[in-house]
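What follows is the content of structure_28.cif, which has mmCIF, C-alpha atoms and all ligand atoms:
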data_model
#
loop_
_atom_site.group_PDB
_atom_site.id
_atom_site.type_symbol
_atom_site.label_atom_id
_atom_site.label_comp_id
_atom_site.auth_asym_id
_atom_site.auth_seq_id
_atom_site.Cartn_x
_atom_site.Cartn_y
_atom_site.Cartn_z
ATOM 1 C CA MET Z 25 12.598 0.892 11.895
ATOM 2 C CA THR Z 26 9.111 0.000 13.068
ATOM 3 C CA ILE Z 27 6.447 2.417 11.906
ATOM 4 C CA ARG Z 28 3.808 3.329 14.472
ATOM 5 C CA VAL Z 29 1.027 5.681 15.386
ATOM 6 C CA TRP Z 30 0.560 6.261 19.093
ATOM 7 C CA GLN Z 31 -2.594 7.598 20.772
ATOM 8 C CA ILE Z 32 -3.524 9.621 17.724
ATOM 9 C CA ALA Z 33 -6.660 11.734 17.419
ATOM 10 C CA LYS Z 34 -8.052 13.186 14.207
ATOM 11 C CA SER Z 35 -11.399 14.845 13.573
ATOM 12 C CA PHE Z 36 -12.748 16.502 10.465
ATOM 13 C CA GLU Z 37 -15.015 19.282 11.761
ATOM 14 C CA ASN Z 38 -17.435 17.346 13.998
ATOM 15 C CA ASN Z 39 -16.456 13.967 12.641
ATOM 16 C CA PRO Z 40 -14.107 12.173 15.073
ATOM 17 C CA VAL Z 41 -12.355 9.568 12.911
ATOM 18 C CA TYR Z 42 -9.505 8.715 15.324
ATOM 19 C CA ASP Z 43 -9.384 9.100 19.089
ATOM 20 C CA ASP Z 44 -6.692 7.482 21.234
ATOM 21 C CA PHE Z 45 -5.733 5.071 18.450
ATOM 22 C CA SER Z 46 -2.419 3.182 18.450
ATOM 23 C CA LEU Z 47 -1.043 0.665 15.964
ATOM 24 C CA GLU Z 48 2.371 -0.726 15.013
ATOM 25 C CA PHE Z 49 3.518 -1.781 11.557
ATOM 26 C CA PRO Z 50 6.488 -4.142 11.903
ATOM 27 C CA GLU Z 51 9.565 -3.402 9.853
ATOM 28 C CA ASN Z 52 9.759 -4.978 6.400
ATOM 29 C CA GLU Z 53 6.426 -6.711 6.881
ATOM 30 C CA VAL Z 54 3.141 -6.189 5.057
ATOM 31 C CA THR Z 55 0.205 -4.978 7.121
ATOM 32 C CA ALA Z 56 -3.151 -5.333 5.365
ATOM 33 C CA ILE Z 57 -5.983 -3.164 6.662
ATOM 34 C CA LEU Z 58 -9.635 -4.100 6.209
ATOM 35 C CA GLY Z 59 -12.600 -2.021 7.330
ATOM 36 C CA PRO Z 60 -15.905 -0.526 6.198
ATOM 37 C CA SER Z 61 -16.079 2.469 3.866
ATOM 38 C CA GLY Z 62 -15.483 5.746 5.617
ATOM 39 C CA CYS Z 63 -13.933 4.246 8.775
ATOM 40 C CA GLY Z 64 -10.645 6.069 8.220
ATOM 41 C CA LYS Z 65 -8.283 3.764 6.301
ATOM 42 C CA THR Z 66 -7.183 6.342 3.711
ATOM 43 C CA THR Z 67 -6.901 8.950 6.448
ATOM 44 C CA LEU Z 68 -4.464 6.654 8.281
ATOM 45 C CA LEU Z 69 -2.310 6.289 5.136
ATOM 46 C CA ASN Z 70 -2.398 10.059 4.640
ATOM 47 C CA ILE Z 71 -1.352 10.602 8.252
ATOM 48 C CA LEU Z 72 1.605 8.240 7.759
ATOM 49 C CA ALA Z 73 2.495 9.935 4.466
ATOM 50 C CA GLY Z 74 2.544 13.284 6.256
ATOM 51 C CA LEU Z 75 -0.339 14.575 4.116
ATOM 52 C CA VAL Z 76 -2.798 14.871 7.036
ATOM 53 C CA ARG Z 77 -1.842 16.242 10.427
ATOM 54 C CA VAL Z 78 -3.096 14.570 13.590
ATOM 55 C CA ASP Z 79 -4.811 16.672 16.276
ATOM 56 C CA ALA Z 80 -2.995 14.752 19.026
ATOM 57 C CA GLY Z 81 -0.680 11.781 19.500
ATOM 58 C CA ARG Z 82 2.545 10.694 17.880
ATOM 59 C CA VAL Z 83 3.282 9.503 14.356
ATOM 60 C CA ASP Z 84 6.516 7.646 13.806
ATOM 61 C CA ALA Z 85 6.729 7.120 10.057
ATOM 62 C CA GLY Z 86 10.475 6.582 9.900
ATOM 63 C CA ARG Z 87 11.213 9.818 8.079
ATOM 64 C CA VAL Z 88 14.718 11.175 8.266
ATOM 65 C CA GLU Z 89 14.333 14.911 8.853
ATOM 66 C CA THR Z 90 12.248 16.283 6.007
ATOM 67 C CA GLU Z 91 13.376 13.822 3.369
ATOM 68 C CA PRO Z 92 10.417 11.845 2.036
ATOM 69 C CA GLU Z 93 11.014 8.136 2.495
ATOM 70 C CA THR Z 94 7.548 7.027 1.479
ATOM 71 C CA SER Z 95 6.100 5.652 -1.755
ATOM 72 C CA TYR Z 96 2.341 5.726 -2.302
ATOM 73 C CA LEU Z 97 0.477 3.427 -4.704
ATOM 74 C CA PHE Z 98 -3.148 4.214 -5.527
ATOM 75 C CA GLN Z 99 -6.024 2.362 -7.164
ATOM 76 C CA GLU Z 100 -5.445 4.405 -10.346
ATOM 77 C CA PRO Z 101 -1.907 4.293 -11.725
ATOM 78 C CA ARG Z 102 -1.623 8.125 -11.810
ATOM 79 C CA LEU Z 103 0.898 8.157 -14.653
ATOM 80 C CA LEU Z 104 1.590 11.398 -16.509
ATOM 81 C CA PRO Z 105 0.032 10.764 -19.962
ATOM 82 C CA TRP Z 106 2.608 12.792 -21.898
ATOM 83 C CA LEU Z 107 5.571 10.813 -20.524
ATOM 84 C CA SER Z 108 6.644 7.301 -21.533
ATOM 85 C CA LEU Z 109 6.495 4.497 -18.979
ATOM 86 C CA ARG Z 110 10.265 4.816 -18.508
ATOM 87 C CA GLU Z 111 10.020 8.589 -17.990
ATOM 88 C CA ASN Z 112 7.163 8.158 -15.517
ATOM 89 C CA ILE Z 113 9.258 5.715 -13.504
ATOM 90 C CA ALA Z 114 12.398 7.867 -13.793
ATOM 91 C CA LEU Z 115 10.583 10.949 -12.540
ATOM 92 C CA VAL Z 116 10.601 9.853 -8.900
ATOM 93 C CA LEU Z 117 14.368 9.290 -8.977
ATOM 94 C CA ALA Z 118 15.238 12.743 -10.310
ATOM 95 C CA ASP Z 119 18.125 14.073 -8.198
ATOM 96 C CA LYS Z 120 17.851 11.109 -5.826
ATOM 97 C CA LEU Z 121 20.722 9.054 -7.279
ATOM 98 C CA PRO Z 122 23.657 9.694 -9.645
ATOM 99 C CA ALA Z 123 22.554 9.326 -13.304
ATOM 100 C CA ALA Z 124 24.269 5.976 -13.957
ATOM 101 C CA ALA Z 125 22.911 4.363 -10.768
ATOM 102 C CA SER Z 126 19.479 5.741 -11.529
ATOM 103 C CA GLU Z 127 19.558 4.344 -15.074
ATOM 104 C CA ALA Z 128 20.606 0.890 -13.824
ATOM 105 C CA ARG Z 129 17.880 0.877 -11.200
ATOM 106 C CA ILE Z 130 15.209 1.880 -13.706
ATOM 107 C CA ASN Z 131 16.330 -0.796 -16.184
ATOM 108 C CA ASN Z 132 16.256 -3.452 -13.440
ATOM 109 C CA CYS Z 133 12.788 -2.403 -12.429
ATOM 110 C CA LEU Z 134 11.523 -2.383 -16.034
ATOM 111 C CA ALA Z 135 12.925 -5.898 -16.489
ATOM 112 C CA ALA Z 136 11.482 -7.172 -13.186
ATOM 113 C CA THR Z 137 8.015 -5.888 -14.068
ATOM 114 C CA GLY Z 138 8.140 -7.212 -17.645
ATOM 115 C CA LEU Z 139 7.838 -3.689 -18.995
ATOM 116 C CA ALA Z 140 11.205 -3.442 -20.769
ATOM 117 C CA PRO Z 141 9.709 -3.927 -24.280
ATOM 118 C CA TYR Z 142 7.116 -1.211 -23.593
ATOM 119 C CA ALA Z 143 9.385 1.249 -21.793
ATOM 120 C CA GLU Z 144 9.117 3.926 -24.480
ATOM 121 C CA TYR Z 145 5.306 3.640 -24.852
ATOM 122 C CA LEU Z 146 2.983 6.356 -23.618
ATOM 123 C CA PRO Z 147 0.596 5.097 -20.889
ATOM 124 C CA ASN Z 148 -2.483 5.321 -23.118
ATOM 125 C CA LEU Z 149 -1.014 2.734 -25.486
ATOM 126 C CA VAL Z 150 -0.858 -0.022 -22.859
ATOM 127 C CA SER Z 151 -3.525 -1.937 -20.884
ATOM 128 C CA GLY Z 152 -4.800 -1.010 -17.422
ATOM 129 C CA GLY Z 153 -2.850 -3.905 -15.919
ATOM 130 C CA MET Z 154 0.382 -2.708 -17.554
ATOM 131 C CA LYS Z 155 -0.217 0.826 -16.332
ATOM 132 C CA GLN Z 156 -0.541 -0.523 -12.793
ATOM 133 C CA ARG Z 157 2.681 -2.527 -13.303
ATOM 134 C CA ALA Z 158 4.370 0.742 -14.186
ATOM 135 C CA ALA Z 159 2.920 2.316 -11.033
ATOM 136 C CA LEU Z 160 4.296 -0.637 -9.023
ATOM 137 C CA ALA Z 161 7.682 -0.219 -10.724
ATOM 138 C CA ARG Z 162 7.628 3.484 -9.847
ATOM 139 C CA ALA Z 163 6.767 2.701 -6.216
ATOM 140 C CA PHE Z 164 9.627 0.204 -5.928
ATOM 141 C CA VAL Z 165 12.251 2.090 -7.954
ATOM 142 C CA TYR Z 166 12.151 4.814 -5.345
ATOM 143 C CA PRO Z 167 14.285 3.637 -2.398
ATOM 144 C CA SER Z 168 11.554 4.229 0.166
ATOM 145 C CA ARG Z 169 11.450 2.506 3.517
ATOM 146 C CA LEU Z 170 7.673 2.718 3.720
ATOM 147 C CA LEU Z 171 5.245 1.819 0.937
ATOM 148 C CA LEU Z 172 1.596 2.830 1.350
ATOM 149 C CA MET Z 173 -0.964 1.199 -0.948
ATOM 150 C CA ASP Z 174 -4.617 2.298 -1.142
ATOM 151 C CA GLU Z 175 -6.694 -0.459 -2.785
ATOM 152 C CA PRO Z 176 -3.899 -0.880 -5.322
ATOM 153 C CA PHE Z 177 -5.391 -3.744 -7.353
ATOM 154 C CA LYS Z 178 -9.091 -2.960 -7.034
ATOM 155 C CA SER Z 179 -9.906 -1.867 -10.563
ATOM 156 C CA GLN Z 180 -8.226 -4.874 -12.203
ATOM 157 C CA ASP Z 181 -9.907 -8.085 -13.379
ATOM 158 C CA LEU Z 182 -9.342 -11.227 -11.304
ATOM 159 C CA LYS Z 183 -6.449 -12.662 -13.338
ATOM 160 C CA THR Z 184 -4.635 -9.340 -13.677
ATOM 161 C CA ARG Z 185 -5.071 -8.800 -9.941
ATOM 162 C CA HIS Z 186 -3.537 -12.215 -9.255
ATOM 163 C CA HIS Z 187 -0.527 -11.391 -11.462
ATOM 164 C CA LEU Z 188 -0.100 -7.961 -9.901
ATOM 165 C CA ILE Z 189 -0.146 -9.473 -6.399
ATOM 166 C CA GLU Z 190 2.512 -11.998 -7.450
ATOM 167 C CA LEU Z 191 4.563 -9.218 -9.020
ATOM 168 C CA PHE Z 192 4.243 -7.075 -5.913
ATOM 169 C CA LEU Z 193 5.464 -9.992 -3.764
ATOM 170 C CA GLU Z 194 8.455 -10.601 -6.061
ATOM 171 C CA LEU Z 195 9.463 -6.942 -5.936
ATOM 172 C CA TRP Z 196 8.962 -6.801 -2.175
ATOM 173 C CA ARG Z 197 11.016 -9.960 -1.576
ATOM 174 C CA ALA Z 198 13.828 -8.594 -3.741
ATOM 175 C CA GLU Z 199 13.818 -5.306 -1.835
ATOM 176 C CA PRO Z 200 11.889 -5.633 1.410
ATOM 177 C CA ARG Z 201 10.315 -2.566 2.983
ATOM 178 C CA THR Z 202 7.510 -1.865 5.376
ATOM 179 C CA VAL Z 203 4.211 -1.985 3.500
ATOM 180 C CA ILE Z 204 0.758 -0.888 4.603
ATOM 181 C CA THR Z 205 -2.020 -1.821 2.221
ATOM 182 C CA VAL Z 206 -5.697 -0.971 2.436
ATOM 183 C CA THR Z 207 -8.182 -3.300 0.794
ATOM 184 C CA HIS Z 208 -11.810 -4.418 0.912
ATOM 185 C CA ASP Z 209 -10.795 -7.846 -0.380
ATOM 186 C CA ILE Z 210 -10.270 -10.470 2.358
ATOM 187 C CA GLN Z 211 -8.446 -12.873 0.022
ATOM 188 C CA GLU Z 212 -6.070 -10.128 -1.047
ATOM 189 C CA ALA Z 213 -5.397 -9.281 2.609
ATOM 190 C CA LEU Z 214 -4.678 -12.974 3.256
ATOM 191 C CA ARG Z 215 -2.332 -13.230 0.256
ATOM 192 C CA LEU Z 216 -0.346 -10.150 1.216
ATOM 193 C CA GLY Z 217 -0.387 -9.572 4.947
ATOM 194 C CA ASN Z 218 2.052 -10.669 7.630
ATOM 195 C CA GLN Z 219 -0.507 -9.003 9.821
ATOM 196 C CA VAL Z 220 -4.131 -8.279 8.972
ATOM 197 C CA VAL Z 221 -5.877 -5.541 10.925
ATOM 198 C CA VAL Z 222 -9.646 -5.074 10.877
ATOM 199 C CA LEU Z 223 -10.900 -1.599 11.743
ATOM 200 C CA SER Z 224 -14.437 -0.494 12.539
ATOM 201 C CA GLY Z 225 -16.482 2.099 14.393
ATOM 202 C CA LYS Z 226 -16.503 5.825 14.920
ATOM 203 C CA PRO Z 227 -14.056 6.774 16.243
ATOM 204 C CA VAL Z 228 -12.348 3.801 14.724
ATOM 205 C CA ARG Z 229 -11.165 0.810 16.802
ATOM 206 C CA ILE Z 230 -9.105 -2.278 16.043
ATOM 207 C CA VAL Z 231 -11.556 -5.160 16.070
ATOM 208 C CA GLU Z 232 -8.994 -7.796 15.059
ATOM 209 C CA ARG Z 233 -5.277 -8.078 14.519
ATOM 210 C CA LEU Z 234 -4.146 -11.403 13.060
ATOM 211 C CA ARG Z 235 -0.626 -12.581 12.404
ATOM 212 C CA ILE Z 236 -0.098 -14.941 9.471
ATOM 213 C CA ASP Z 237 3.092 -16.950 9.626
ATOM 214 C CA LEU Z 238 2.661 -18.922 6.391
ATOM 215 C CA PRO Z 239 5.170 -17.353 3.940
ATOM 216 C CA GLN Z 240 3.475 -15.318 1.209
ATOM 217 C CA GLU Z 241 5.021 -17.469 -1.539
ATOM 218 C CA GLU Z 242 3.241 -20.555 -0.101
ATOM 219 C CA ARG Z 243 -0.175 -18.973 0.194
ATOM 220 C CA VAL Z 244 -1.682 -19.810 -3.195
ATOM 221 C CA ARG Z 245 -0.579 -23.454 -3.017
ATOM 222 C CA ARG Z 246 -1.660 -23.867 0.618
ATOM 223 C CA TYR Z 247 -4.631 -21.502 0.570
ATOM 224 C CA GLU Z 248 -6.869 -24.027 2.341
ATOM 225 C CA GLU Z 249 -4.790 -23.454 5.499
ATOM 226 C CA LEU Z 250 -6.043 -19.871 5.416
ATOM 227 C CA PHE Z 251 -9.735 -20.869 5.224
ATOM 228 C CA PRO Z 252 -10.309 -20.562 8.996
ATOM 229 C CA LEU Z 253 -8.833 -17.043 8.912
ATOM 230 C CA GLU Z 254 -10.933 -16.161 5.873
ATOM 231 C CA LYS Z 255 -14.054 -17.350 7.676
ATOM 232 C CA ARG Z 256 -13.156 -15.372 10.775
ATOM 233 C CA LEU Z 257 -12.442 -12.199 8.780
ATOM 234 C CA LEU Z 258 -15.650 -12.624 6.778
ATOM 235 C CA GLY Z 259 -17.605 -12.844 10.040
ATOM 236 C CA LEU Z 260 -15.974 -9.657 11.319
ATOM 237 C CA VAL Z 261 -16.380 -7.713 8.071
ATOM 238 C CA LEU Z 262 -20.034 -8.740 7.696
ATOM 239 C CA GLY Z 263 -20.622 -7.973 11.374
HETATM 240 N N1 LIG M 301 -10.340 16.108 3.930
HETATM 241 C C1 LIG M 301 -11.441 15.708 4.576
HETATM 242 N N2 LIG M 301 -12.365 16.605 4.990
HETATM 243 C C2 LIG M 301 -13.473 16.212 5.650
HETATM 244 N N3 LIG M 301 -13.762 14.922 5.972
HETATM 245 C C3 LIG M 301 -12.891 14.001 5.574
HETATM 246 C C4 LIG M 301 -11.673 14.325 4.861
HETATM 247 N N4 LIG M 301 -10.988 13.178 4.627
HETATM 248 C C5 LIG M 301 -11.730 12.173 5.165
HETATM 249 N N5 LIG M 301 -12.865 12.664 5.724
HETATM 250 C C6 LIG M 301 -13.880 11.869 6.418
HETATM 251 O O1 LIG M 301 -13.205 10.999 7.301
HETATM 252 C C7 LIG M 301 -13.846 9.722 7.330
HETATM 253 C C8 LIG M 301 -12.830 8.657 6.948
HETATM 254 O O2 LIG M 301 -12.520 8.791 5.570
HETATM 255 P P1 LIG M 301 -11.499 7.817 4.836
HETATM 256 O O3 LIG M 301 -11.413 8.249 3.410
HETATM 257 O O4 LIG M 301 -10.254 7.759 5.622
HETATM 258 O O5 LIG M 301 -12.248 6.423 4.956
HETATM 259 P P2 LIG M 301 -11.900 5.020 4.269
HETATM 260 O O6 LIG M 301 -11.997 3.998 5.348
HETATM 261 O O7 LIG M 301 -10.632 5.118 3.519
HETATM 262 O O8 LIG M 301 -13.102 4.839 3.251
HETATM 263 P P3 LIG M 301 -13.186 4.021 1.837
HETATM 264 O O9 LIG M 301 -13.043 2.571 2.174
HETATM 265 O O10 LIG M 301 -14.540 4.352 1.315
HETATM 266 O O11 LIG M 301 -12.071 4.550 0.965
HETATM 267 C C9 LIG M 301 -15.040 9.810 6.404
HETATM 268 O O12 LIG M 301 -16.165 10.106 7.186
HETATM 269 C C10 LIG M 301 -14.669 10.956 5.491
HETATM 270 O O13 LIG M 301 -15.841 11.612 5.029
#

Using structure tokens, write down the structure that the file contains.
Ligand SMILES: Nc1ncnc2c1ncn2[C@@H]1O[C@H](COP(=O)(O)OP(=O)(O)OP(=O)(O)O)[C@@H](O)[C@H]1O
Amino acid sequence: MTIRVWQIAKSFENNPVYDDFSLEFPENEVTAILGPSGCGKTTLLNILAGLVRVDAGRVDAGRVETEPETSYLFQEPRLLPWLSLRENIALVLADKLPAAASEARINNCLAATGLAPYAEYLPNLVSGGMKQRAALARAFVYPSRLLLMDEPFKSQDLKTRHHLIELFLELWRAEPRTVITVTHDIQEALRLGNQVVVLSGKPVRIVERLRIDLPQEERVRRYEELFPLEKRLLGLVLG
């Protein structure tokens, strides 16, 4: 199901963030959103997650009745410090699947993220990159149809970020879902996005919407083909 917002409006007191704003997020594709601080990117994710109500317009986030079908990945891993990595991941599946299916799914996810040897560790005993792997595992173990990511790799060093992006793409290819990711990093947007949307202004407008047809798994090897897009996005972001 395609996720979309249609003619939405949202103000905070006298601050009109959205007014008559529409955007579609194609099914099982990654949409990367770029835009200046404060333009409304997190607000859009929160609207789609059902955490913020719009003042007007329609939000079609693919939810079946009241059942949450959304995973949310943040810049900080947000793991519960008193639970092991396995328990943190298992938490989101509580009551969602029968115990045996849940166990199998968690073990697969731990293996896919390279966390199996550390599954019983508490979060504080592992590196920041491993914590974010666990957060990725938790986001993917939950059978959501929509995954929202708010600057998910921002606080990681360059190499860890590269590995986390590759890991994200592996998990997403194995179990595709519609992904919307917010970032300030043009290269990250170009590595991840099937579409890249640039937002700006108050109320916010779409200043660019690019489609990228080069498959994500080819993008490191053939990055030079993305240079013209990078240049274009840089021009738009720098104004
Ligand atoms: N709960 C709230 N109450 C009042 N104002 C809010 C609230 N949430 C967001 N805003 C305002 O809405 C605008 C958009 O905020 P938002 O966090 O969506 O921007 P952003 O593009 O995600 O910024 P950044 O890139 O810095 O994270 C800002 O002016 C912000 O101050």

Distance criterion (all atoms listed in the file): nearest to ligand LIG 301 (chain M) out of Z:Thr202, Z:Asn38, Z:Ser95, Z:Gln156 | Z:Asn38

If you apply the PyMOL selection byres (((chain Z and resi 104-110) around 10) and not hetatm) to this file, what residues do you get, as a count of residues only?
-> 31

Once you add 4 Å to each side, what are the centre and edge lengths of the axis-aligned box holding all listed atoms of ligand LIG 301 (chain M)? One decimal in Å, as AutoDock Vina command-line options, if you can.
--center_x -13.2 --center_y 9.6 --center_z 4.1 --size_x 13.9 --size_y 22.0 --size_z 14.4

With all atoms listed in the file counted and 8 Å as the cut-off, give the residues of chain Z in contact with ligand LIG 301 (chain M), each with its shortest interatomic distance in Å and the pair that gives it, as a tab-separated table.
residue	atom	partner	partner_atom	distance
Z:Ser35	CA	M:LIG301	O1	7.6
Z:Phe36	CA	M:LIG301	N3	4.9
Z:Glu37	CA	M:LIG301	C2	7.0
Z:Asn39	CA	M:LIG301	O12	6.7
Z:Pro40	CA	M:LIG301	O1	7.9
Z:Val41	CA	M:LIG301	C7	5.8
Z:Gly59	CA	M:LIG301	O6	6.4
Z:Pro60	CA	M:LIG301	O9	5.8
Z:Ser61	CA	M:LIG301	O9	3.5
Z:Gly62	CA	M:LIG301	O5	3.4
Z:Cys63	CA	M:LIG301	O6	3.9
Z:Gly64	CA	M:LIG301	O4	3.1
Z:Lys65	CA	M:LIG301	O6	3.8
Z:Thr66	CA	M:LIG301	O7	3.7
Z:Thr67	CA	M:LIG301	O4	3.7
Z:Leu68	CA	M:LIG301	O4	6.5
Z:Val206	CA	M:LIG301	O7	7.9
Z:Thr207	CA	M:LIG301	O9	7.7
Z:His208	CA	M:LIG301	O9	7.2

Would you put the residues from that selection into a file with C-alpha atoms, as a compact mmCIF listing (two decimals), in the frame of the given file?
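Here's the written file out-v2.txt:
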# COMPACT_ATOMS: atom_id res chain seq x y z
CA SER Z 35 -11.40 14.84 13.57
CA PHE Z 36 -12.75 16.50 10.46
CA GLU Z 37 -15.02 19.28 11.76
CA ASN Z 39 -16.46 13.97 12.64
CA PRO Z 40 -14.11 12.17 15.07
CA VAL Z 41 -12.36 9.57 12.91
CA GLY Z 59 -12.60 -2.02 7.33
CA PRO Z 60 -15.90 -0.53 6.20
CA SER Z 61 -16.08 2.47 3.87
CA GLY Z 62 -15.48 5.75 5.62
CA CYS Z 63 -13.93 4.25 8.78
CA GLY Z 64 -10.64 6.07 8.22
CA LYS Z 65 -8.28 3.76 6.30
CA THR Z 66 -7.18 6.34 3.71
CA THR Z 67 -6.90 8.95 6.45
CA LEU Z 68 -4.46 6.65 8.28
CA VAL Z 206 -5.70 -0.97 2.44
CA THR Z 207 -8.18 -3.30 0.79
CA HIS Z 208 -11.81 -4.42 0.91

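Pairwise distance (atom CA of Z:Glu248, atom CA of Z:Arg201) equals 27.5 Å.
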
Final N, CA and C atoms of stretch 199-210 of chain Z as a compact mmCIF listing (two decimals), keeping the file's coordinate frame:
# COMPACT_ATOMS: atom_id res chain seq x y z
N GLU Z 199 13.42 -6.53 -2.56
CA GLU Z 199 13.82 -5.31 -1.84
C GLU Z 199 12.80 -5.02 -0.75
N PRO Z 200 12.92 -5.75 0.38
CA PRO Z 200 11.89 -5.63 1.41
C PRO Z 200 11.79 -4.21 1.96
N ARG Z 201 10.57 -3.83 2.29
CA ARG Z 201 10.32 -2.57 2.98
C ARG Z 201 9.01 -2.72 3.74
N THR Z 202 8.75 -1.80 4.60
CA THR Z 202 7.51 -1.86 5.38
C THR Z 202 6.36 -1.42 4.47
N VAL Z 203 5.33 -2.27 4.40
CA VAL Z 203 4.21 -1.98 3.50
C VAL Z 203 2.91 -1.94 4.30
N ILE Z 204 2.10 -0.95 4.01
CA ILE Z 204 0.76 -0.89 4.60
C ILE Z 204 -0.21 -0.80 3.44
N THR Z 205 -1.09 -1.79 3.35
CA THR Z 205 -2.02 -1.82 2.22
C THR Z 205 -3.46 -1.86 2.71
N VAL Z 206 -4.28 -1.03 2.10
CA VAL Z 206 -5.70 -0.97 2.44
C VAL Z 206 -6.47 -1.71 1.36
N THR Z 207 -7.39 -2.56 1.78
CA THR Z 207 -8.18 -3.30 0.79
C THR Z 207 -9.56 -3.64 1.37
N HIS Z 208 -10.52 -3.89 0.47
CA HIS Z 208 -11.81 -4.42 0.91
C HIS Z 208 -11.88 -5.92 0.63
N ASP Z 209 -10.79 -6.48 0.11
CA ASP Z 209 -10.80 -7.85 -0.38
C ASP Z 209 -10.07 -8.75 0.63
N ILE Z 210 -10.84 -9.62 1.30
CA ILE Z 210 -10.27 -10.47 2.36
C ILE Z 210 -9.19 -11.39 1.79
